Each structure stands twice: as structure tokens, then as C-alpha cells.
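Colleague: Next comes upload_24.cif, mmCIF, C-alpha atoms:
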data_work
#
loop_
_atom_site.label_atom_id
_atom_site.label_comp_id
_atom_site.auth_asym_id
_atom_site.auth_seq_id
_atom_site.Cartn_x
_atom_site.Cartn_y
_atom_site.Cartn_z
CA MET O 1 0.00 0.00 0.00
CA ASP O 2 1.67 3.15 -1.17
CA ILE O 3 1.43 6.20 0.98
CA GLY O 4 2.82 8.93 -1.18
CA SER O 5 2.92 9.61 -4.83
CA GLN O 6 5.23 7.79 -7.12
CA VAL O 7 7.74 9.55 -9.31
CA LEU O 8 6.97 8.92 -12.95
CA PHE O 9 9.85 10.61 -14.72
CA ASN O 10 12.35 13.39 -14.27
CA ILE O 11 12.50 16.64 -16.20
CA GLY O 12 16.09 17.57 -15.60
CA PRO O 13 16.62 17.52 -11.85
CA VAL O 14 12.89 17.88 -11.04
CA PRO O 15 10.91 14.71 -10.36
CA VAL O 16 7.41 14.60 -11.77
CA SER O 17 5.07 12.45 -9.74
CA ASN O 18 1.59 11.30 -10.59
CA THR O 19 0.15 13.89 -8.25
CA ILE O 20 1.76 16.60 -10.37
CA THR O 21 0.16 15.27 -13.56
CA THR O 22 -3.23 15.34 -11.87
CA THR O 23 -2.52 18.86 -10.64
CA LEU O 24 -1.85 19.86 -14.23
CA LEU O 25 -5.25 18.47 -15.19
CA LEU O 26 -6.79 20.36 -12.29
CA ASP O 27 -5.11 23.60 -13.36
CA ILE O 28 -6.31 23.26 -16.93
CA PHE O 29 -9.85 22.62 -15.72
CA LEU O 30 -9.81 25.60 -13.32
CA VAL O 31 -8.39 28.03 -15.86
CA VAL O 32 -10.85 26.96 -18.56
CA PHE O 33 -13.71 27.16 -16.07
CA ALA O 34 -12.69 30.66 -15.00
CA ILE O 35 -12.37 31.91 -18.58
CA VAL O 36 -15.68 30.44 -19.70
CA LEU O 37 -17.47 31.72 -16.60
CA ARG O 38 -16.09 35.20 -17.12
CA LYS O 39 -17.22 35.28 -20.72
CA LYS O 40 -20.71 34.12 -19.91
CA LEU O 41 -21.44 36.42 -16.99
CA ALA O 42 -24.96 37.77 -17.28
CA LEU O 43 -27.50 39.39 -15.01
CA ILE O 44 -29.80 36.40 -15.35
CA PRO O 45 -27.47 33.53 -14.56
CA GLY O 46 -27.17 30.39 -16.62
CA LYS O 47 -26.52 26.99 -15.11
CA MET O 48 -22.78 27.28 -14.56
CA GLN O 49 -23.04 30.73 -13.13
CA GLY O 50 -25.98 29.67 -10.97
CA ILE O 51 -24.03 26.84 -9.40
CA PHE O 52 -21.03 29.04 -8.83
CA GLU O 53 -23.16 31.78 -7.30
CA PHE O 54 -24.68 29.25 -4.93
CA MET O 55 -21.22 28.21 -3.82
CA HIS O 56 -20.14 31.84 -3.57
CA ASP O 57 -23.08 32.84 -1.38
CA PHE O 58 -22.69 29.81 0.82
CA VAL O 59 -19.02 30.49 1.54
CA LEU O 60 -19.80 34.19 1.98
CA ASP O 61 -22.35 33.39 4.68
CA LEU O 62 -19.80 31.17 6.36
CA THR O 63 -17.19 33.92 6.26
CA LYS O 64 -19.53 36.64 7.45
CA GLY O 65 -20.31 34.66 10.56
CA VAL O 66 -16.69 34.69 11.60
CA LEU O 67 -14.98 37.80 10.27
CA SER O 68 -16.09 41.36 10.68
CA GLU O 69 -17.07 43.45 7.69
CA ARG O 70 -13.82 45.36 7.27
CA TYR O 71 -11.73 42.35 6.48
CA ILE O 72 -14.02 40.42 4.22
CA ASN O 73 -13.08 42.18 0.98
CA ALA O 74 -9.43 41.25 1.34
CA VAL O 75 -9.85 37.76 2.78
CA PHE O 76 -12.83 36.35 0.93
CA PRO O 77 -11.11 35.66 -2.45
CA TRP O 78 -8.62 33.42 -0.69
CA VAL O 79 -11.37 31.64 1.25
CA LEU O 80 -13.42 30.96 -1.86
CA SER O 81 -10.31 29.79 -3.71
CA PHE O 82 -9.49 27.32 -0.98
CA PHE O 83 -13.01 25.94 -1.01
CA PHE O 84 -13.25 25.66 -4.76
CA ILE O 85 -9.83 24.11 -5.27
CA ILE O 86 -10.25 21.51 -2.53
CA LEU O 87 -13.76 20.64 -3.68
CA VAL O 88 -12.78 20.20 -7.33
CA SER O 89 -9.63 18.25 -6.51
CA ASN O 90 -11.53 15.93 -4.17
CA TRP O 91 -14.19 15.24 -6.75
CA MET O 92 -11.66 14.86 -9.52
CA GLY O 93 -10.16 11.91 -7.66
CA LEU O 94 -13.43 10.06 -8.20
CA LEU O 95 -13.57 10.43 -11.97
CA PRO O 96 -13.21 7.28 -14.08
CA GLY O 97 -9.72 7.87 -15.38
CA ILE O 98 -8.02 9.05 -12.23
CA GLY O 99 -6.31 6.31 -10.31
CA THR O 100 -7.02 3.56 -12.77
CA ILE O 101 -4.95 4.31 -15.85
CA VAL O 102 -1.76 2.42 -15.15
CA ILE O 103 1.49 2.74 -17.04
CA ASN O 104 4.48 0.46 -16.92
CA ILE O 105 7.84 1.97 -16.10
CA SER O 106 10.75 -0.45 -15.96
CA GLY O 107 8.60 -3.35 -14.90
CA LYS O 108 6.69 -1.70 -12.08
CA GLU O 109 3.20 -0.37 -12.53
CA PHE O 110 2.35 3.19 -11.63
CA GLU O 111 -0.93 5.02 -11.74
CA LEU O 112 -0.82 7.82 -14.24
CA PHE O 113 -3.17 10.13 -12.35
CA LYS O 114 -4.01 10.14 -8.69
CA GLY O 115 -6.27 12.15 -6.44
CA VAL O 116 -4.47 15.35 -5.60
CA ASP O 117 -5.33 15.48 -1.92
CA ALA O 118 -4.31 11.88 -1.37
CA ASP O 119 -0.74 13.14 -1.23
CA LEU O 120 0.52 14.58 2.02
CA ASN O 121 2.59 17.18 0.16
CA THR O 122 -0.48 18.84 -1.34
CA THR O 123 -2.45 19.13 1.85
CA MET O 124 0.53 20.31 3.83
CA SER O 125 1.19 22.97 1.20
CA LEU O 126 -2.40 24.14 1.47
CA ALA O 127 -2.13 24.27 5.25
CA LEU O 128 1.16 26.18 4.96
CA ILE O 129 -0.45 28.69 2.61
CA SER O 130 -3.31 29.12 5.05
CA PHE O 131 -0.89 29.67 7.93
CA THR O 132 1.10 32.24 5.95
CA LEU O 133 -2.10 34.02 4.98
CA VAL O 134 -3.26 34.28 8.59
CA GLN O 135 0.05 35.78 9.69
CA PHE O 136 0.15 38.10 6.68
CA PHE O 137 -3.35 39.43 7.23
CA THR O 138 -2.73 39.86 10.92
CA LEU O 139 0.38 41.91 10.27
CA LYS O 140 -1.37 43.89 7.55
CA PHE O 141 -4.55 44.75 9.41
CA ILE O 142 -3.44 44.98 12.99
CA GLY O 143 0.28 45.37 12.79
CA ALA O 144 3.02 43.85 14.84
CA SER O 145 1.74 45.32 18.10
CA GLY O 146 -1.64 43.67 17.56
CA TRP O 147 0.07 40.37 16.84
CA PHE O 148 2.04 40.69 20.04
CA LYS O 149 -0.98 41.65 22.11
CA HIS O 150 -2.93 38.69 20.79
CA TYR O 151 -0.49 36.25 22.30
CA PHE O 152 0.75 38.15 25.34
CA HIS O 153 -1.95 39.78 27.42
CA THR O 154 -0.73 42.49 29.74
CA LYS O 155 -3.75 43.67 31.67
CA PRO O 156 -3.16 42.50 35.24
CA ILE O 157 0.54 43.24 35.36
CA SER O 158 1.10 41.09 38.42
CA LEU O 159 0.52 37.90 36.44
CA ILE O 160 3.32 38.69 33.99
CA ALA O 161 5.08 35.34 34.40
CA VAL O 162 1.89 33.43 33.63
CA PHE O 163 1.26 35.59 30.59
CA VAL O 164 4.75 35.07 29.22
CA PHE O 165 4.39 31.32 29.62
CA VAL O 166 0.96 31.22 28.02
CA GLY O 167 2.13 33.46 25.20
CA VAL O 168 5.08 31.27 24.34
CA LEU O 169 2.86 28.21 24.51
CA GLU O 170 0.31 29.75 22.17
CA ILE O 171 2.94 30.80 19.65
CA PHE O 172 4.19 27.25 19.71
CA LEU O 173 0.72 25.76 19.35
CA ASP O 174 -0.24 27.98 16.42
CA PRO O 175 1.49 26.01 13.65
CA ILE O 176 0.17 22.77 15.11
CA LYS O 177 -3.39 23.83 14.40
CA PHE O 178 -2.50 24.18 10.74
CA LEU O 179 -0.59 20.91 10.80
CA SER O 180 -3.76 19.21 11.95
CA LEU O 181 -5.64 20.92 9.11
CA GLY O 182 -3.36 19.33 6.55
CA LEU O 183 -3.36 15.93 8.24
CA ARG O 184 -7.12 15.87 8.50
CA LEU O 185 -7.64 16.54 4.80
CA PHE O 186 -4.97 14.02 3.80
CA GLY O 187 -6.27 11.32 6.13
CA ASN O 188 -9.85 11.58 5.00
CA ILE O 189 -9.16 11.63 1.27
CA PHE O 190 -6.43 8.98 1.39
CA ALA O 191 -8.53 6.66 3.53
CA GLY O 192 -11.42 7.08 1.12
CA GLU O 193 -9.27 6.27 -1.88
CA THR O 194 -7.81 3.19 -0.23
CA LEU O 195 -11.28 2.05 0.75
CA VAL O 196 -12.58 2.41 -2.80
CA ASN O 197 -9.52 0.57 -4.11
CA PHE O 198 -10.12 -2.34 -1.77
CA MET O 199 -13.82 -2.50 -2.39
CA SER O 200 -13.54 -2.30 -6.16
CA SER O 201 -12.48 -5.95 -6.35
CA VAL O 202 -16.22 -6.59 -6.17
CA PRO O 203 -17.49 -3.67 -8.23
CA VAL O 204 -20.97 -3.51 -6.74
CA LEU O 205 -19.55 -2.96 -3.28
CA ALA O 206 -17.61 0.10 -4.40
CA LEU O 207 -20.73 2.10 -5.24
CA PRO O 208 -21.80 3.13 -1.70
CA PHE O 209 -18.21 4.04 -0.90
CA LEU O 210 -17.99 6.22 -3.99
CA LEU O 211 -21.12 8.04 -2.90
CA LEU O 212 -19.63 8.41 0.56
CA GLU O 213 -16.52 9.85 -1.01
CA ILE O 214 -18.54 12.52 -2.79
CA LEU O 215 -20.01 13.57 0.56
CA VAL O 216 -16.62 13.42 2.28
CA GLY O 217 -15.13 15.61 -0.44
CA VAL O 218 -17.67 18.35 0.18
CA VAL O 219 -17.48 18.10 3.96
CA GLN O 220 -13.69 18.17 4.07
CA ALA O 221 -13.52 21.18 1.76
CA LEU O 222 -15.98 22.92 4.04
CA ILE O 223 -13.99 21.95 7.14
CA PHE O 224 -10.71 23.20 5.74
CA THR O 225 -12.21 26.48 4.58
CA GLY O 226 -14.25 27.01 7.73
CA LEU O 227 -11.34 26.32 10.03
CA SER O 228 -8.92 28.57 8.12
CA THR O 229 -11.47 31.36 8.26
CA ALA O 230 -12.12 30.72 11.93
CA PHE O 231 -8.40 30.91 12.71
CA MET O 232 -8.17 34.15 10.79
CA GLY O 233 -11.21 35.50 12.59
CA MET O 234 -9.73 34.57 15.96
CA MET O 235 -6.51 36.40 15.18
CA LEU O 236 -8.19 39.51 13.82
CA ALA O 237 -11.02 39.83 16.30
CA GLU O 238 -9.37 41.17 19.37
CA GLU O 239 -10.25 44.81 18.96
CA GLU O 240 -13.84 44.25 19.94
CA GLN O 241 -12.94 42.16 22.94
CA HIS O 242 -10.94 42.89 26.12
CA MET Q 243 22.08 -9.33 19.58
CA ASP Q 244 19.59 -10.45 22.12
CA ALA Q 245 18.30 -6.88 22.41
CA THR Q 246 17.72 -6.46 18.65
CA ASN Q 247 16.02 -9.84 18.49
CA SER Q 248 13.55 -8.88 21.20
CA VAL Q 249 12.97 -5.48 19.58
CA GLN Q 250 12.15 -7.25 16.33
CA GLN Q 251 9.79 -9.57 18.13
CA ILE Q 252 8.05 -6.69 19.81
CA THR Q 253 7.73 -4.90 16.48
CA ILE Q 254 6.23 -7.95 14.83
CA VAL Q 255 3.77 -8.47 17.67
CA LEU Q 256 2.78 -4.80 17.72
CA SER Q 257 2.29 -4.63 13.99
CA SER Q 258 -0.06 -7.57 14.12
CA LEU Q 259 -2.09 -5.70 16.72
CA LYS Q 260 -2.82 -2.85 14.33
CA PRO Q 261 -6.55 -3.50 14.12
CA LEU Q 262 -6.69 -3.39 17.89
CA MET Q 263 -4.86 -0.06 17.86
CA MET Q 264 -7.35 1.31 15.39
CA ALA Q 265 -10.27 0.15 17.48
CA VAL Q 266 -8.85 1.73 20.63
CA GLY Q 267 -8.07 4.97 18.83
CA GLY Q 268 -11.47 5.14 17.22
CA PHE Q 269 -13.54 4.52 20.32
CA LEU Q 270 -13.52 7.97 21.88
CA PRO Q 271 -13.99 9.94 18.62
CA ALA Q 272 -17.00 7.79 17.78
CA PHE Q 273 -18.39 8.46 21.24
CA ALA Q 274 -17.81 12.20 20.83
CA ILE Q 275 -19.52 12.26 17.45
CA GLY Q 276 -22.50 10.44 18.89
CA LYS Q 277 -22.71 12.89 21.77
CA ILE Q 278 -22.56 15.89 19.44
CA GLY Q 279 -25.30 14.42 17.27
CA GLY Q 280 -27.40 13.62 20.30
CA GLU Q 281 -27.21 17.11 21.70
CA ALA Q 282 -28.05 18.52 18.28
CA MET Q 283 -31.07 16.23 18.06
CA ARG Q 284 -32.21 17.35 21.47
CA ALA Q 285 -31.89 21.00 20.50
CA ILE Q 286 -33.77 20.46 17.24
CA GLY Q 287 -36.50 18.58 19.08
CA ARG Q 288 -36.90 21.40 21.53
CA ASN Q 289 -36.96 24.09 18.83
CA PRO Q 290 -37.63 22.68 15.36
CA GLU Q 291 -36.88 25.96 13.59
CA SER Q 292 -33.26 25.89 14.70
CA TYR Q 293 -32.36 23.18 12.23
CA SER Q 294 -30.80 25.50 9.67
CA THR Q 295 -28.85 27.33 12.37
CA LEU Q 296 -27.53 24.16 13.91
CA PHE Q 297 -26.69 22.17 10.82
CA ILE Q 298 -23.37 23.70 9.81
CA PRO Q 299 -21.84 23.98 13.32
CA MET Q 300 -22.84 20.36 13.94
CA ILE Q 301 -21.09 19.18 10.77
CA LEU Q 302 -18.01 21.21 11.67
CA SER Q 303 -17.87 19.81 15.20
CA MET Q 304 -18.30 16.26 13.95
CA ALA Q 305 -15.46 16.60 11.47
CA LEU Q 306 -13.21 18.10 14.11
CA ALA Q 307 -13.95 15.24 16.47
CA GLU Q 308 -13.40 12.72 13.71
CA SER Q 309 -9.95 14.06 12.93
CA ILE Q 310 -8.53 12.32 16.00
CA ALA Q 311 -9.55 8.98 14.58
CA ILE Q 312 -7.96 10.03 11.29
CA TYR Q 313 -4.66 10.65 13.09
CA THR Q 314 -4.75 7.07 14.38
CA LEU Q 315 -5.47 5.81 10.89
CA ILE Q 316 -2.53 7.70 9.43
CA ILE Q 317 -0.16 6.36 12.06
CA ILE Q 318 -1.28 2.83 11.32
CA PHE Q 319 -0.80 3.29 7.61
CA ILE Q 320 2.61 4.88 7.92
CA SER Q 321 4.19 2.46 10.36
#
Here is a file; write its structure as C-alpha cells.

Modeller:
Amino acid sequence: MDIGSQVLFNIGPVPVSNTITTTLLLDIFLVVFAIVLRKKLALIPGKMQGIFEFMHDFVLDLTKGVLSERYINAVFPWVLSFFFIILVSNWMGLLPGIGTIVINISGKEFELFKGVDADLNTTMSLALISFTLVQFFTLKFIGASGWFKHYFHTKPISLIAVFVFVGVLEIFLDPIKFLSLGLRLFGNIFAGETLVNFMSSVPVLALPFLLLEILVGVVQALIFTGLSTAFMGMMLAEEEQH
Amino acid sequence: MDATNSVQQITIVLSSLKPLMMAVGGFLPAFAIGKIGGEAMRAIGRNPESYSTLFIPMILSMALAESIAIYTLIIIFIS
């Protein structure tokens, strides 16, 4: 049972794995979708625009519940991008060609395409991007003093030792929250793929698991997006409190 | 030599206990998910209009609780 992605070939010194080929497919799909959607924008929406607007409003409601109005214009494009990319890449792993087209390289068989989020590198990169975004937006909107005050409270000055300890602990725990984000997405999608692979030896048994995987794809995209937004909202929300 | 032999034996025994590890690691998350669902059901029963308000936080809480079981699954797959 292979955990990671397998390297298919090397372009110069750069290894190309089967996750990267699927990511290329994903990129082509996303760019074509964006171009076609932009050309067909109308006041009375067609089907594609209707579906996308539904997704847009849903994620906007989710974001508005967590962030205050000032920050939404800057943060929301990233949030919607996270949701859309994770949703499409989860669902793309269920398509008929992905994971089943097998090519032979030097005697061993490799899958040509593989679900993108079934690779720990992808989900950890997404979590790293989310972490960088939270720090960047904190520094941009509140500044370094706000960042400092979020971790180290200073109100009752007599408890300064406790506050220093708690502050250091919270700075240390902050990347771990994003680590768990990446691990959660990877674990769910990888477990689903392995399950479908096992069950597809009897093809009828694979059908309920494929349907479950569709649901899990949506839920995990929602979880990742909602948690990233919630972390951002927690960092940016201290001006109304105290 | 005797030490490495016993370490190998322990590793072999432990790796055959992987289903047991998964069951132990999945017990409390399953219990937590059931409790979350139960409390949500009780709240919906008390106030049926709150379904749309409660649905998304319930899904989020369930996925957060399930992630602990996912950690156990990953450890079993990797080792």
C-alpha cells in the first residue's frame, strides 16, 4: 500500500510524480472554467453561473459569521479559492480515469493520475499557505503590536510570568493547528481512496463508498475552509474584545 | 544481539495488533460524534426551527472530532 505519490519521470533535476500530472489536469480545468465563466457572466445567470453563485453565497455566509465586515473584501477571495480548489480536486479523484490508468515503467506499474489530496505534500502545502495568509493578514490589518498583544496579554501586570508562559505556549501551538488541518484533509481523502480501491475488487460494493466519497469531499472542503477562516477570525477579532 | 532480536519480536507483535490499535483509537472519537449528534437532536427537538442554524456547526464539530480517529489511521498506515 503506497502512501505517497510515485515519481513517474524526471524533467532535468525535477521529479514529476503522478500527483503533479493530476494537478496539471486540475489547473487546466480551473483556468478553462474561469475563462468560460467570465465570458458568460450575465444578469440572469445560466446553469454554470448559478451553481457558482450558490457556492459563492454559501461560503460568503460562512465567512460573514466569523470575520467582521472590514476584512471580508481582502480575505474572501482566498477563502473561496481554498473551497473551490479543494472541492474540485476531491471530486476529480473520483472520476473514471483518475487512479485507474496504469502505465508500466521499468517493470513496475504506476498510476498515471491520482487524487491530488491523497498526497501529504499537497495538503501540507495548502495548510502552509493558510498559515502564511493568517500571519500576513494579521500583520497587515493589525500590525506587529496587535500580533504581540494577541499572544501576550498584559492587563493585570502582576501575572506577567503566567502571561509570558501562556504566550510562548500559544505561539508554539499555532502552527500545530494548521498541521492538523493538513493531516485531516490528507487522512480523510487517502482513507477514502484506499477504501474504494479495496472494495472495487467486487465492483458492486464500491458504489456506496464512492457516494460516501462525494459527501466526504464536500465536507472536508468545508472543514478546511471554515477552520482557516475561523483561525483568521480569531486572530483579527481582538479589537472588539478585552 | 539479544536486544535487537527482542525489539524485532516486539515490532512484529505490535504490527499484528494494528486493528486493535485502530479500534482503541477510534472509540472515543466515535463516542464524541454520537454525543454531538445527540445534543443537536435534542436542540432540534426542543426548537424545530433551529435546524438551519444548527446544521453547519454540527457538521463542523463532527469533522473536528473525527480528525482524531484520522490521526490514528494515518499512524497505522505509515508504520

Colleague: Could you state the separation of CA of Leu87 (chain O) and CA of Phe224 (chain O) in Å, given to one decimal place?

Modeller: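 Those two atoms sit 10.2 Å apart.
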
Colleague: Taking all listed atoms of region 281-286 of chain Q, build the axis-aligned box, pad each of the six sides by 6 Å, then write its centre and edge lengths in Å to one decimal as lines of an AutoDock Vina configuration file.

Modeller:
center_x = -30.5
center_y = 18.6
center_z = 19.5
size_x = 18.6
size_y = 16.8
size_z = 16.5

Colleague: Written as a list of chain:residue names, which residues does the PyMOL selection byres ((chain Q and resi 304) around 12) give for the file shown?

Modeller: O:Val219, O:Gln220, O:Ile223, Q:Pro271, Q:Ala272, Q:Phe273, Q:Ala274, Q:Ile275, Q:Gly276, Q:Lys277, Q:Ile278, Q:Gly279, Q:Gly280, Q:Glu281, Q:Ala282, Q:Phe297, Q:Ile298, Q:Pro299, Q:Met300, Q:Ile301, Q:Leu302, Q:Ser303, Q:Ala305, Q:Leu306, Q:Ala307, Q:Glu308, Q:Ser309, Q:Ile310, Q:Ala311

Colleague: Just C-alpha atoms for this one: save the residues we selected as a short mmCIF file (atom, residue, chain, number, x, y, z; two decimals), in the frame of the given file.

Modeller:
data_model
loop_
_atom_site.label_atom_id
_atom_site.label_comp_id
_atom_site.auth_asym_id
_atom_site.auth_seq_id
_atom_site.Cartn_x
_atom_site.Cartn_y
_atom_site.Cartn_z
CA VAL O 219 -17.48 18.10 3.96
CA GLN O 220 -13.69 18.17 4.07
CA ILE O 223 -13.99 21.95 7.14
CA PRO Q 271 -13.99 9.94 18.62
CA ALA Q 272 -17.00 7.79 17.78
CA PHE Q 273 -18.39 8.46 21.24
CA ALA Q 274 -17.81 12.20 20.83
CA ILE Q 275 -19.52 12.26 17.45
CA GLY Q 276 -22.50 10.44 18.89
CA LYS Q 277 -22.71 12.89 21.77
CA ILE Q 278 -22.56 15.89 19.44
CA GLY Q 279 -25.30 14.42 17.27
CA GLY Q 280 -27.40 13.62 20.30
CA GLU Q 281 -27.21 17.11 21.70
CA ALA Q 282 -28.05 18.52 18.28
CA PHE Q 297 -26.69 22.17 10.82
CA ILE Q 298 -23.37 23.70 9.81
CA PRO Q 299 -21.84 23.98 13.32
CA MET Q 300 -22.84 20.36 13.94
CA ILE Q 301 -21.09 19.18 10.77
CA LEU Q 302 -18.01 21.21 11.67
CA SER Q 303 -17.87 19.81 15.20
CA ALA Q 305 -15.46 16.60 11.47
CA LEU Q 306 -13.21 18.10 14.11
CA ALA Q 307 -13.95 15.24 16.47
CA GLU Q 308 -13.40 12.72 13.71
CA SER Q 309 -9.95 14.06 12.93
CA ILE Q 310 -8.53 12.32 16.00
CA ALA Q 311 -9.55 8.98 14.58
#

Colleague: Rounded to one decimal place, report the CA of Trp147 (chain O)-CA of Asp174 (chain O) distance in Å.

Modeller: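 So the answer is 12.4 Å.
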
Colleague: Here's the selection I'm unsure about, the PyMOL selection byres ((chain O) within 9 of (chain Q)); applied to the file above, which residues does it give, as a PyMOL selection string?

Modeller: chain O and resi 1+3+62+180-181+183-188+191+219-220+222-223+226-227

Colleague: Residue by residue, what does the PyMOL selection byres ((chain O and resi 218) around 10) grab here? Present the result as a VMD selection string.

Modeller: chain O and resid 83 to 84 86 to 88 90 to 91 213 to 217 219 to 223
